[in-house]
>>> print(open('work_27.cif').read())   # mmCIF, C-alpha atoms
data_start
#
loop_
_atom_site.label_atom_id
_atom_site.label_comp_id
_atom_site.auth_asym_id
_atom_site.auth_seq_id
_atom_site.Cartn_x
_atom_site.Cartn_y
_atom_site.Cartn_z
CA MET A 699 -27.07 25.59 19.18
CA LYS A 700 -29.35 28.55 19.93
CA GLU A 701 -27.85 32.01 20.20
CA SER A 702 -29.79 32.54 23.46
CA ASP A 703 -27.96 29.68 25.18
CA ALA A 704 -26.01 30.84 28.23
CA PRO A 705 -23.91 29.09 30.89
CA PHE A 706 -26.06 26.97 33.17
CA ASP A 707 -25.62 27.12 36.95
CA ARG A 708 -25.58 23.57 38.28
CA TRP A 709 -25.47 24.58 41.92
CA HIS A 710 -28.57 26.79 42.13
CA LYS A 711 -32.18 26.36 41.15
CA LYS A 712 -33.57 28.59 38.45
CA TYR A 713 -37.13 28.03 39.67
CA PRO A 714 -37.10 27.28 43.42
CA LYS A 715 -40.16 25.78 45.06
CA PRO A 716 -42.02 27.45 47.92
CA GLY A 717 -40.37 26.56 51.18
CA ASP A 718 -36.89 25.88 49.71
CA ALA A 719 -34.23 27.22 52.03
CA PRO A 720 -31.68 29.60 50.49
CA CYS A 721 -27.94 28.94 50.66
CA ARG A 722 -25.17 31.30 51.64
CA CYS A 723 -24.22 32.02 48.03
CA GLY A 724 -26.94 34.64 47.53
CA THR A 725 -28.01 37.84 49.24
CA LYS A 726 -31.19 38.99 50.91
CA ARG A 727 -32.16 40.89 47.78
CA ASN A 728 -31.11 38.06 45.42
CA PRO A 729 -31.30 34.74 47.31
CA GLN A 730 -29.88 31.51 45.80
CA HIS A 731 -31.46 28.10 46.40
CA PRO A 732 -29.16 25.04 46.26
CA THR A 733 -29.67 22.06 43.99
CA ALA A 734 -28.77 18.50 44.90
CA ASP A 735 -25.40 19.07 43.14
CA HIS A 736 -24.53 22.14 45.19
CA GLY A 737 -20.80 22.15 45.97
CA ARG A 738 -20.12 19.05 43.85
CA GLY A 739 -17.88 19.33 40.83
CA GLN A 740 -17.63 22.44 38.69
CA GLN A 741 -20.48 24.93 38.90
CA TRP A 742 -21.03 26.11 35.32
CA GLN A 743 -22.13 24.11 32.27
CA ALA A 744 -21.77 25.21 28.67
CA ARG A 745 -24.85 23.52 27.23
CA TYR A 746 -25.24 23.10 23.46
CA THR A 747 -26.17 20.57 20.78
CA ASP A 748 -23.35 19.64 18.40
CA PRO A 749 -23.70 19.36 14.59
CA ASN A 750 -24.35 15.61 14.99
CA GLY A 751 -27.40 16.31 17.16
CA LYS A 752 -25.70 15.16 20.36
CA PRO A 753 -26.23 17.26 23.54
CA ARG A 754 -22.96 18.53 25.03
CA ARG A 755 -22.51 19.50 28.70
CA PRO A 756 -18.87 20.49 29.41
CA MET A 757 -18.36 21.99 32.88
CA PHE A 758 -16.22 24.91 34.01
CA VAL A 759 -15.26 26.59 37.29
CA THR A 760 -16.36 30.12 36.35
CA TRP A 761 -19.21 31.64 34.38
CA GLN A 762 -16.72 33.45 32.10
CA GLU A 763 -14.93 30.21 31.15
CA ALA A 764 -18.24 28.63 30.19
CA ARG A 765 -19.24 31.77 28.26
CA ASP A 766 -15.95 31.80 26.31
CA HIS A 767 -16.34 28.13 25.45
CA LEU A 768 -19.85 28.69 24.10
CA ASP A 769 -18.59 31.58 21.96
CA GLU A 770 -15.82 29.40 20.52
CA VAL A 771 -18.27 26.58 19.78
CA ARG A 772 -20.70 28.92 18.04
CA ALA A 773 -17.91 30.27 15.82
CA SER A 774 -16.57 26.81 14.91
CA ILE A 775 -20.05 25.51 14.06
CA ARG A 776 -20.70 28.50 11.80
CA THR A 777 -17.37 28.07 9.97
CA GLY A 778 -17.56 24.27 9.79
CA THR A 779 -14.38 23.78 11.83
CA TRP A 780 -16.01 22.17 14.87
CA ILE A 781 -14.20 19.03 16.08
CA ASP A 782 -15.86 16.26 18.04
CA PRO A 783 -14.24 16.37 21.51
CA ASP A 784 -14.91 12.64 21.97
CA ILE A 785 -12.88 11.60 18.94
CA GLY A 786 -9.62 11.60 20.86
CA ILE A 787 -10.76 9.29 23.67
CA ARG A 788 -11.25 6.35 21.33
CA LYS A 789 -8.57 3.68 21.43
CA LEU A 790 -5.87 3.39 18.80
CA GLU A 791 -7.22 -0.02 17.78
CA PHE A 792 -10.55 1.60 16.79
CA PHE A 793 -8.84 3.73 14.14
CA ALA A 794 -6.61 0.84 13.02
CA ASN A 795 -9.66 -1.34 12.36
CA GLU A 796 -11.44 1.57 10.68
CA LEU A 797 -8.44 2.14 8.39
CA ILE A 798 -8.33 -1.49 7.23
CA GLU A 799 -12.11 -1.77 6.80
CA GLY A 800 -12.12 1.44 4.76
CA ARG A 801 -9.45 0.10 2.41
CA LYS A 802 -11.36 -3.15 1.95
CA LYS A 803 -14.62 -1.30 1.30
CA ARG A 804 -12.95 0.85 -1.37
CA LYS A 805 -11.32 -2.24 -2.90
CA LYS A 806 -7.78 -0.96 -2.48
CA ASN A 807 -4.84 -3.17 -3.46
CA GLU A 808 -5.34 -6.41 -1.53
CA ASN A 809 -1.65 -7.18 -1.02
CA THR A 810 -0.98 -3.71 0.38
CA THR A 811 -4.03 -3.89 2.66
CA ASN A 812 -2.93 -7.30 3.95
CA THR A 813 0.54 -5.91 4.66
CA TYR A 814 -0.90 -3.01 6.68
CA ASP A 815 -3.21 -5.40 8.52
CA THR A 816 -0.31 -7.67 9.47
CA HIS A 817 1.85 -4.77 10.69
CA LEU A 818 -1.03 -3.48 12.80
CA ARG A 819 -2.14 -6.78 14.33
CA VAL A 820 1.29 -8.26 14.99
CA HIS A 821 3.34 -5.23 16.00
CA ILE A 822 1.50 -1.90 16.41
CA LEU A 823 -1.65 -2.88 18.31
CA PRO A 824 0.18 -5.00 20.91
CA PHE A 825 2.42 -1.97 21.49
CA ALA A 826 -0.20 0.82 21.74
CA GLY A 827 -3.61 -0.53 20.72
CA ARG A 828 -5.27 0.21 24.09
CA ARG A 829 -4.00 3.78 24.29
CA GLU A 830 -6.40 6.70 23.91
CA ALA A 831 -5.72 8.26 20.52
CA LYS A 832 -5.31 11.81 21.85
CA SER A 833 -2.68 10.68 24.36
CA LEU A 834 -0.14 9.75 21.68
CA LYS A 835 2.95 11.93 21.35
CA ARG A 836 6.05 12.04 19.19
CA ARG A 837 7.98 10.16 21.85
CA ASP A 838 5.59 7.21 21.36
CA THR A 839 6.70 6.96 17.73
CA MET A 840 10.33 6.92 18.84
CA ALA A 841 9.49 4.29 21.47
CA LEU A 842 7.82 2.12 18.80
CA VAL A 843 10.93 2.21 16.61
CA ASP A 844 13.16 1.30 19.57
CA HIS A 845 10.73 -1.48 20.52
CA LEU A 846 10.90 -2.95 17.02
CA LEU A 847 14.69 -2.74 16.87
CA ASP A 848 14.93 -4.66 20.15
CA LYS A 849 12.54 -7.36 18.90
CA PRO A 850 14.37 -10.49 17.71
CA GLY A 851 13.88 -11.38 14.07
CA ILE A 852 12.48 -7.99 12.93
CA GLY A 853 15.52 -6.41 11.30
CA ASP A 854 16.15 -2.89 10.04
CA TYR A 855 14.21 -3.19 6.78
CA TYR A 856 11.06 -4.54 8.41
CA THR A 857 11.29 -1.91 11.15
CA VAL A 858 11.15 0.83 8.52
CA GLN A 859 8.18 -0.82 6.79
CA ILE A 860 6.23 -1.06 10.06
CA PHE A 861 7.07 2.58 10.81
CA LYS A 862 5.57 3.55 7.43
CA THR A 863 2.34 1.76 8.38
CA TRP A 864 2.35 3.60 11.73
CA ARG A 865 2.78 6.90 9.85
CA ILE A 866 -0.15 6.07 7.56
CA LEU A 867 -2.29 5.32 10.63
CA MET A 868 -1.27 8.59 12.33
CA ASN A 869 -2.13 10.59 9.20
CA TYR A 870 -5.47 8.79 9.00
CA MET A 871 -6.20 9.75 12.62
CA ILE A 872 -5.23 13.38 12.00
CA ASP A 873 -7.57 13.43 8.98
CA SER A 874 -10.26 12.09 11.35
CA ASP A 875 -9.76 15.19 13.55
CA VAL A 876 -7.94 13.38 16.36
CA PRO A 877 -5.94 16.08 18.19
CA LEU A 878 -2.43 14.71 17.62
CA PRO A 879 0.85 16.66 17.50
CA ALA A 880 1.73 17.77 13.98
CA ASN A 881 5.25 16.36 14.39
CA ILE A 882 4.19 12.94 15.71
CA THR A 883 6.05 11.08 12.91
CA SER A 884 8.48 13.76 11.71
CA ARG A 885 12.27 13.65 12.07
CA ILE A 886 12.23 10.14 13.52
CA GLU A 887 15.69 8.55 13.38
CA LEU A 888 15.34 5.27 11.48
CA PRO A 889 17.96 2.61 10.73
CA GLU A 890 19.86 2.99 7.48
CA ILE A 891 18.60 0.64 4.77
CA ASP A 892 20.72 -0.23 1.78
CA PRO A 893 18.55 -0.03 -1.34
CA ARG A 894 18.08 -3.32 -3.12
CA VAL A 895 20.45 -3.68 -6.05
CA LYS A 896 18.44 -4.75 -9.07
CA VAL A 897 19.85 -7.55 -11.18
CA SER A 898 20.48 -6.49 -14.79
CA LEU A 899 20.07 -9.62 -16.87
CA LEU A 900 21.69 -10.35 -20.23
CA PRO A 901 19.75 -12.13 -22.99
CA GLN A 902 21.84 -15.27 -22.48
CA GLN A 903 21.03 -15.27 -18.76
CA VAL A 904 17.29 -15.04 -19.50
CA ALA A 905 17.62 -17.95 -21.94
CA ASN A 906 19.52 -19.93 -19.30
CA LEU A 907 16.80 -19.19 -16.75
CA ALA A 908 14.10 -20.40 -19.15
CA ALA A 909 16.09 -23.56 -19.85
CA ALA A 910 16.51 -24.19 -16.13
CA MET A 911 12.78 -23.78 -15.57
CA ARG A 912 12.12 -26.15 -18.48
CA GLU A 913 14.15 -28.77 -16.64
CA ILE A 914 12.61 -28.15 -13.20
CA ALA A 915 8.97 -27.40 -14.06
CA PRO A 916 8.26 -27.33 -17.82
CA ARG A 917 4.74 -25.94 -17.35
CA TYR A 918 6.19 -22.76 -15.84
CA GLU A 919 8.80 -21.97 -18.50
CA ILE A 920 6.35 -19.76 -20.36
CA LEU A 921 6.15 -17.48 -17.30
CA ILE A 922 9.80 -16.54 -17.88
CA TRP A 923 9.11 -15.56 -21.49
CA ILE A 924 5.93 -13.64 -20.63
CA ALA A 925 7.85 -11.42 -18.19
CA ALA A 926 10.99 -11.04 -20.32
CA CYS A 927 9.21 -10.37 -23.63
CA ALA A 928 6.07 -8.54 -22.46
CA GLY A 929 7.08 -7.01 -19.12
CA PHE A 930 4.32 -8.73 -17.16
CA ARG A 931 4.31 -8.63 -13.40
CA GLU A 932 3.91 -11.95 -11.62
CA GLY A 933 0.18 -11.61 -10.91
CA GLU A 934 -0.48 -10.44 -14.47
CA ALA A 935 1.31 -13.48 -15.89
CA PHE A 936 -0.75 -15.76 -13.64
CA GLY A 937 -3.95 -14.08 -14.90
CA LEU A 938 -3.26 -14.24 -18.65
CA ARG A 939 -6.03 -16.16 -20.43
CA GLU A 940 -6.22 -17.63 -23.91
CA GLU A 941 -8.85 -15.07 -24.88
CA ASP A 942 -6.37 -12.33 -23.92
CA VAL A 943 -3.99 -13.35 -26.73
CA GLY A 944 -4.48 -11.83 -30.16
CA TRP A 945 -2.77 -14.61 -32.07
CA ALA A 946 -3.04 -13.09 -35.54
CA ASP A 947 -1.97 -9.58 -34.55
CA SER A 948 0.62 -10.54 -31.90
CA VAL A 949 -1.01 -8.55 -29.11
CA LEU A 950 -1.89 -9.29 -25.49
CA TYR A 951 -4.92 -7.81 -23.77
CA VAL A 952 -3.89 -7.03 -20.20
CA THR A 953 -7.16 -7.09 -18.25
CA GLU A 954 -6.59 -8.62 -14.80
CA GLN A 955 -4.15 -10.22 -12.42
CA ARG A 956 -4.35 -13.18 -10.05
CA GLN A 957 -3.63 -13.01 -6.33
CA ASN A 958 -4.01 -16.15 -4.24
CA GLY A 959 -5.77 -17.72 -7.20
CA GLN A 960 -8.44 -15.01 -7.35
CA ALA A 961 -9.00 -12.48 -10.13
CA LYS A 962 -8.08 -8.95 -8.98
CA LYS A 963 -7.87 -5.56 -10.61
CA LEU A 964 -4.53 -4.46 -12.06
CA LYS A 965 -1.93 -2.48 -10.13
CA THR A 966 -2.61 0.86 -11.89
CA LYS A 967 -4.85 2.25 -14.60
CA ALA A 968 -1.81 2.36 -16.89
CA SER A 969 -1.50 -1.42 -16.55
CA LYS A 970 -4.69 -2.12 -18.52
CA VAL A 971 -3.76 -1.95 -22.21
CA THR A 972 -3.66 -3.76 -25.50
CA LEU A 973 0.03 -4.61 -25.69
CA PRO A 974 1.85 -5.37 -28.96
CA VAL A 975 4.42 -8.13 -28.49
CA ASP A 976 7.15 -9.79 -30.49
CA ARG A 977 6.14 -12.72 -32.68
CA PHE A 978 8.64 -14.81 -30.71
CA LEU A 979 6.41 -14.59 -27.63
CA THR A 980 3.20 -15.62 -29.39
CA GLN A 981 5.07 -18.61 -30.80
CA GLN A 982 6.17 -19.57 -27.31
CA LEU A 983 2.58 -19.19 -26.09
CA ALA A 984 1.26 -21.36 -28.92
CA SER A 985 3.83 -24.04 -28.15
CA HIS A 986 2.92 -23.94 -24.46
CA ARG A 987 -0.79 -24.23 -25.26
CA THR A 988 -0.13 -27.31 -27.37
CA ARG A 989 1.98 -29.03 -24.72
CA PHE A 990 0.12 -28.04 -21.54
CA SER A 991 -3.56 -27.75 -22.36
CA GLY A 992 -5.58 -28.60 -19.25
CA PRO A 993 -4.58 -30.64 -16.19
CA GLU A 994 -1.99 -33.37 -16.48
CA PRO A 995 -3.45 -36.90 -16.63
CA VAL A 996 -2.96 -39.09 -13.58
CA GLY A 997 -2.50 -42.83 -13.24
CA ARG A 998 -5.29 -45.31 -12.66
CA ASP A 999 -4.61 -45.63 -8.93
CA ALA A 1000 -4.62 -41.86 -8.43
CA GLU A 1001 -7.84 -41.59 -10.41
CA MET A 1002 -9.48 -44.23 -8.21
CA LYS A 1003 -8.41 -42.34 -5.06
CA ARG A 1004 -9.88 -39.15 -6.47
CA ARG A 1005 -13.20 -40.81 -7.11
CA ARG A 1006 -13.36 -42.29 -3.62
CA ARG A 1007 -12.90 -38.90 -1.97
CA GLY A 1008 -15.36 -37.19 -4.31
CA TYR A 1009 -12.77 -35.13 -6.18
CA ALA A 1010 -14.22 -32.50 -8.53
CA PRO A 1011 -11.92 -31.04 -11.22
CA PRO A 1012 -11.41 -27.26 -11.03
CA PRO A 1013 -13.39 -25.14 -13.50
CA ASP A 1014 -11.64 -24.26 -16.73
CA GLU A 1015 -11.04 -20.50 -16.57
CA GLY A 1016 -9.04 -20.42 -19.79
CA LEU A 1017 -5.78 -19.50 -18.04
CA ILE A 1018 -2.59 -19.88 -20.05
CA VAL A 1019 -0.64 -21.20 -17.04
CA THR A 1020 -2.10 -23.49 -14.40
CA THR A 1021 -0.79 -26.04 -11.96
CA ARG A 1022 -0.63 -29.70 -12.90
CA ASP A 1023 -4.11 -30.05 -11.39
CA GLY A 1024 -5.49 -27.28 -13.59
CA LYS A 1025 -5.77 -24.78 -10.74
CA PRO A 1026 -4.75 -21.09 -10.91
CA MET A 1027 -1.13 -20.35 -10.07
CA ARG A 1028 -0.18 -19.08 -6.61
CA ARG A 1029 2.92 -17.11 -5.71
CA GLY A 1030 4.28 -19.54 -3.12
CA ARG A 1031 4.16 -22.53 -5.46
CA PHE A 1032 5.83 -20.69 -8.33
CA ASN A 1033 8.46 -18.85 -6.29
CA GLU A 1034 9.78 -22.14 -4.91
CA LYS A 1035 10.43 -23.37 -8.47
CA PHE A 1036 11.76 -19.97 -9.54
CA ARG A 1037 14.41 -20.02 -6.80
CA GLU A 1038 15.51 -23.48 -7.95
CA ALA A 1039 15.74 -22.27 -11.55
CA VAL A 1040 17.79 -19.21 -10.54
CA THR A 1041 20.28 -21.48 -8.79
CA LEU A 1042 20.44 -23.97 -11.65
CA ALA A 1043 20.96 -21.17 -14.20
CA GLY A 1044 23.84 -19.74 -12.16
CA LEU A 1045 22.20 -16.34 -11.71
CA PRO A 1046 22.79 -14.08 -8.68
CA GLU A 1047 20.89 -15.31 -5.63
CA ARG A 1048 19.04 -11.98 -5.29
CA THR A 1049 17.46 -12.34 -8.75
CA ARG A 1050 13.69 -11.78 -8.63
CA TYR A 1051 10.94 -12.45 -11.12
CA HIS A 1052 10.43 -8.68 -11.37
CA ASP A 1053 13.97 -8.36 -12.76
CA LEU A 1054 12.60 -9.87 -15.96
CA LYS A 1055 10.32 -6.84 -16.31
CA HIS A 1056 13.41 -4.68 -15.81
CA PHE A 1057 15.08 -6.67 -18.60
CA TYR A 1058 12.08 -6.03 -20.89
CA THR A 1059 12.14 -2.26 -20.38
CA SER A 1060 15.93 -2.04 -20.67
CA GLN A 1061 15.97 -3.93 -23.95
CA LEU A 1062 13.24 -1.71 -25.39
CA GLY A 1063 15.24 1.37 -24.41
CA ALA A 1064 18.54 0.00 -25.71
CA SER A 1065 17.15 -1.15 -29.08
CA GLY A 1066 16.87 2.39 -30.46
CA ARG A 1067 13.62 1.45 -32.19
CA HIS A 1068 11.30 3.21 -29.75
CA ASP A 1069 11.22 6.73 -28.34
CA PRO A 1070 11.21 7.08 -24.53
CA LYS A 1071 7.47 7.76 -24.22
CA THR A 1072 6.73 4.65 -26.29
CA VAL A 1073 8.93 2.62 -23.96
CA GLN A 1074 6.95 4.03 -21.02
CA ALA A 1075 3.66 3.04 -22.66
CA LEU A 1076 4.88 -0.47 -23.51
CA SER A 1077 6.21 -0.90 -19.96
CA ARG A 1078 2.84 0.31 -18.61
CA HIS A 1079 4.34 2.71 -16.10
CA ALA A 1080 2.07 5.47 -14.78
CA GLU A 1081 5.00 7.92 -14.51
CA PHE A 1082 7.80 8.51 -17.01
CA SER A 1083 10.35 8.74 -14.19
CA GLU A 1084 9.50 5.18 -13.18
CA THR A 1085 10.50 3.91 -16.62
CA TRP A 1086 13.95 5.44 -16.61
CA ASP A 1087 14.89 6.10 -12.99
CA THR A 1088 13.71 2.72 -11.72
CA TYR A 1089 14.09 0.33 -14.61
CA ALA A 1090 16.31 1.52 -17.44
CA HIS A 1091 19.61 1.40 -15.57
CA PRO A 1092 22.70 2.46 -17.55
CA PRO A 1093 24.64 -0.86 -17.30
CA MET A 1094 21.90 -2.64 -19.17
CA ALA A 1095 20.61 0.15 -21.38
CA VAL A 1096 23.99 0.59 -23.16
CA GLU A 1097 24.98 -3.07 -23.40
CA GLY A 1098 27.06 -3.58 -26.57
CA VAL A 1099 26.95 0.10 -27.58
CA LYS A 1100 30.16 1.93 -28.58
CA VAL A 1101 30.08 5.62 -27.66
CA ILE A 1102 31.82 7.90 -30.20
CA THR A 1103 29.76 11.06 -29.80
CA PHE A 1104 32.22 13.10 -27.81
CA SER A 1105 35.22 12.49 -30.06
CA GLY A 1106 33.50 14.41 -32.82
CA LEU A 1107 32.55 17.19 -30.46
CA PHE A 1108 35.90 17.88 -28.82
CA THR A 1109 38.70 16.65 -31.16
CA THR A 1110 38.53 19.70 -33.41
CA ILE A 1111 38.49 22.10 -30.49
CA ARG A 1112 41.44 20.31 -28.85
CA ASP A 1113 43.55 20.41 -32.06
CA ARG A 1114 42.81 24.13 -32.50
CA VAL A 1115 43.96 24.85 -28.95
CA VAL A 1116 47.19 22.85 -29.51
CA ARG A 1117 47.99 24.71 -32.74
CA ALA A 1118 47.41 28.08 -31.11
CA ALA A 1119 49.74 27.18 -28.25
CA ALA A 1120 52.51 26.17 -30.68
#
>>> encode(input="work_27.cif", output="structure tokens")
Amino acid sequence: MKESDAPFDRWHKKYPKPGDAPCRCGTKRNPQHPTADHGRGQQWQARYTDPNGKPRRPMFVTWQEARDHLDEVRASIRTGTWIDPDIGIRKLEFFANELIEGRKKRKKNENTTNTYDTHLRVHILPFAGRREAKSLKRRDTMALVDHLLDKPGIGDYYTVQIFKTWRILMNYMIDSDVPLPANITSRIELPEIDPRVKVSLLPQQVANLAAAMREIAPRYEILIWIAACAGFREGEAFGLREEDVGWADSVLYVTEQRQNGQAKKLKTKASKVTLPVDRFLTQQLASHRTRFSGPEPVGRDAEMKRRRRGYAPPPDEGLIVTTRDGKPMRRGRFNEKFREAVTLAGLPERTRYHDLKHFYTSQLGASGRHDPKTVQALSRHAEFSETWDTYAHPPMAVEGVKVITFSGLFTTIRDRVVRAAA
């Protein structure tokens, strides 16, 4: 924008032609000649070109208003604080789509991105997707929460999760310079959610779970041992390959995970390690490899049907655990069998596969053989607080331990006080 720019008069010609009749706005000494827009709309334009090269023509009633606007624009362009005035008129759905596409482009966690996408498509966009972004207020956030609570089948927990996605979207829009209220998601009254109580498993319960899985789906028993003895998450266990096992040194190379059968990057940078494991686990892996190497054979009739429909066997990716057909494991298929095994083993109904990772960390902490930072490294937690605050819960960490520390500390002091009183 040029410094010489000044408010532009829409109503009067700057260079009138000979014969143009003056209007009543001027004087004899300084006549004014009307344009075709004379008397229509606001008279003064603040003309400038924005940093993106786009001409801007906002209109004002008075010359002074247009002059002040130009001064503000000049200052904001110089300091780099200029905000596109059109950004706020875009619809909410524009920013929602932009948020999801940006996460996909940057290869963010696929499960998390899919969760955001579902919340947006199913709940948030039907509620406010056609609204102009700049029109949103804090009361709209409150209305969304009430809307979700009134929806059948949503529940308190899911309402809070959808609200978190809404908050992420609002923050994304604010970062995109959309003029939203700073308090648009603050101090919103949400339903109370009871935190999930993690199941602290005993060694015998883990053994019972493995035995139950051996009875229900023998190919999947090794997944119990991988989580309990190496602290693998579900996707990491699905992605373990034979080449990732250091048989001689009893180590596992954690390099990838599987989601929906596809190789994906690990949850955090701390997840990718060379992990020393107990010899017991490598023995279990060797036994599994001997028993379940490749797809299970099928009968003659099934083989004939496969040939007729042009069946092609899946490629051998070297995975430790596959389905009976030799395909990569998927969460839905395994979780169905896991729930059956939990019931058969007599474990609490709320038991999850991730509780086996909790068991792994708790046992490392309770053994006394490893210092806390070593337990954090073996558990592959990015933060130390995650190791102890989230996983190493006291009921499990002290299982079978007799505490005698405080007797030695206080008995002598107590006896001395008693003698002095006598």
>>> resolve_selection(input="work_27.cif", expression="the PyMOL selection byres ((chain A and resi 771) around 12)", output="PyMOL selection string")
chain A and resi 699-701+703+744-749+754+756+764-770+772-783
>>> write_last_selection(input="work_27.cif", atoms="C-alpha atoms", output="PDB file, keeping the file's coordinate frame")
ATOM      1  CA  MET A 699     -27.070  25.590  19.180  1.00  0.00           C
ATOM      2  CA  LYS A 700     -29.350  28.550  19.930  1.00  0.00           C
ATOM      3  CA  GLU A 701     -27.850  32.010  20.200  1.00  0.00           C
ATOM      4  CA  ASP A 703     -27.960  29.680  25.180  1.00  0.00           C
ATOM      5  CA  ALA A 744     -21.770  25.210  28.670  1.00  0.00           C
ATOM      6  CA  ARG A 745     -24.850  23.520  27.230  1.00  0.00           C
ATOM      7  CA  TYR A 746     -25.240  23.100  23.460  1.00  0.00           C
ATOM      8  CA  THR A 747     -26.170  20.570  20.780  1.00  0.00           C
ATOM      9  CA  ASP A 748     -23.350  19.640  18.400  1.00  0.00           C
ATOM     10  CA  PRO A 749     -23.700  19.360  14.590  1.00  0.00           C
ATOM     11  CA  ARG A 754     -22.960  18.530  25.030  1.00  0.00           C
ATOM     12  CA  PRO A 756     -18.870  20.490  29.410  1.00  0.00           C
ATOM     13  CA  ALA A 764     -18.240  28.630  30.190  1.00  0.00           C
ATOM     14  CA  ARG A 765     -19.240  31.770  28.260  1.00  0.00           C
ATOM     15  CA  ASP A 766     -15.950  31.800  26.310  1.00  0.00           C
ATOM     16  CA  HIS A 767     -16.340  28.130  25.450  1.00  0.00           C
ATOM     17  CA  LEU A 768     -19.850  28.690  24.100  1.00  0.00           C
ATOM     18  CA  ASP A 769     -18.590  31.580  21.960  1.00  0.00           C
ATOM     19  CA  GLU A 770     -15.820  29.400  20.520  1.00  0.00           C
ATOM     20  CA  ARG A 772     -20.700  28.920  18.040  1.00  0.00           C
ATOM     21  CA  ALA A 773     -17.910  30.270  15.820  1.00  0.00           C
ATOM     22  CA  SER A 774     -16.570  26.810  14.910  1.00  0.00           C
ATOM     23  CA  ILE A 775     -20.050  25.510  14.060  1.00  0.00           C
ATOM     24  CA  ARG A 776     -20.700  28.500  11.800  1.00  0.00           C
ATOM     25  CA  THR A 777     -17.370  28.070   9.970  1.00  0.00           C
ATOM     26  CA  GLY A 778     -17.560  24.270   9.790  1.00  0.00           C
ATOM     27  CA  THR A 779     -14.380  23.780  11.830  1.00  0.00           C
ATOM     28  CA  TRP A 780     -16.010  22.170  14.870  1.00  0.00           C
ATOM     29  CA  ILE A 781     -14.200  19.030  16.080  1.00  0.00           C
ATOM     30  CA  ASP A 782     -15.860  16.260  18.040  1.00  0.00           C
ATOM     31  CA  PRO A 783     -14.240  16.370  21.510  1.00  0.00           C
TER      32      PRO A 783
END
>>> atom_distance(input="work_27.cif", atom1="atom CA of Met757 of chain A", atom2="atom CA of His731 of chain A")
19.8 Å
>>> closest_residue(input="work_27.cif", among="A:Asn812, A:Gln730, A:Ser948, A:Ser969", to="Gln982 of chain A", atoms="only C-alpha atoms")
A:Ser948
>>> atom_distance(input="work_27.cif", atom1="atom CA of Gly851 of chain A", atom2="atom CA of Thr839 of chain A")
20.0 Å
>>> resolve_selection(input="work_27.cif", expression="the PyMOL selection byres ((chain A and resi 1042) around 10)", output="list in words")
Asn906, Leu907, Ala909, Ala910, Met911, Glu913, Ile914, Phe1036, Arg1037, Glu1038, Ala1039, Val1040, Thr1041, Ala1043, Gly1044 and Leu1045 of chain A
>>> resolve_selection(input="work_27.cif", expression="the PyMOL selection byres ((chain A and resi 1030) around 12)", output="number ranges by chain")
A: 932-933, 957-959, 1027-1029, 1031-1037
>>> atom_distance(input="work_27.cif", atom1="atom CA of Pro1026 of chain A", atom2="atom CA of Ile920 of chain A")
14.6 Å
>>> closest_atom_pairs(input="work_27.cif", of="segment 846-952 of chain A", to="segment 1070-1076 of chain A", cutoff="12 Å", atoms="all atoms listed in the file", output="CSV")
residue,atom,partner,partner_atom,distance
A:Cys927,CA,A:Leu1076,CA,10.8
A:Ala928,CA,A:Leu1076,CA,8.2
A:Gly929,CA,A:Leu1076,CA,8.2
A:Phe930,CA,A:Leu1076,CA,10.4
A:Val949,CA,A:Leu1076,CA,11.5
A:Leu950,CA,A:Leu1076,CA,11.3
A:Val952,CA,A:Leu1076,CA,11.4
>>> residues_around(input="work_27.cif", residues="Cys721 of chain A", least_positions_apart="5", cutoff="12 Å", atoms="only C-alpha atoms", output="MDAnalysis selection string")
chainID A and resid 709:711 714 726 728:734 736:737
>>> closest_residue(input="work_27.cif", among="A:Gln902, A:Ser1065, A:Asn881, A:Thr816", to="Tyr856 of chain A", atoms="all atoms listed in the file")
A:Thr816
>>> residues_around(input="work_27.cif", residues="Ile891 of chain A", least_positions_apart="4", cutoff="12 Å", atoms="only C-alpha atoms", output="list in words")
Gly853, Asp854, Tyr855, Tyr856, Thr857, Val858, Gln859 and Val895 of chain A
>>> write_last_selection(input="work_27.cif", atoms="C-alpha atoms", output="CSV table (one decimal), keeping the file's coordinate frame")
chain,number,residue,atom,x,y,z
A,853,GLY,CA,15.5,-6.4,11.3
A,854,ASP,CA,16.2,-2.9,10.0
A,855,TYR,CA,14.2,-3.2,6.8
A,856,TYR,CA,11.1,-4.5,8.4
A,857,THR,CA,11.3,-1.9,11.2
A,858,VAL,CA,11.2,0.8,8.5
A,859,GLN,CA,8.2,-0.8,6.8
A,895,VAL,CA,20.4,-3.7,-6.0
>>> closest_residue(input="work_27.cif", among="A:Val904, A:Arg989, A:Gly1016, A:Lys1055", to="Asp942 of chain A", atoms="only C-alpha atoms")
A:Gly1016
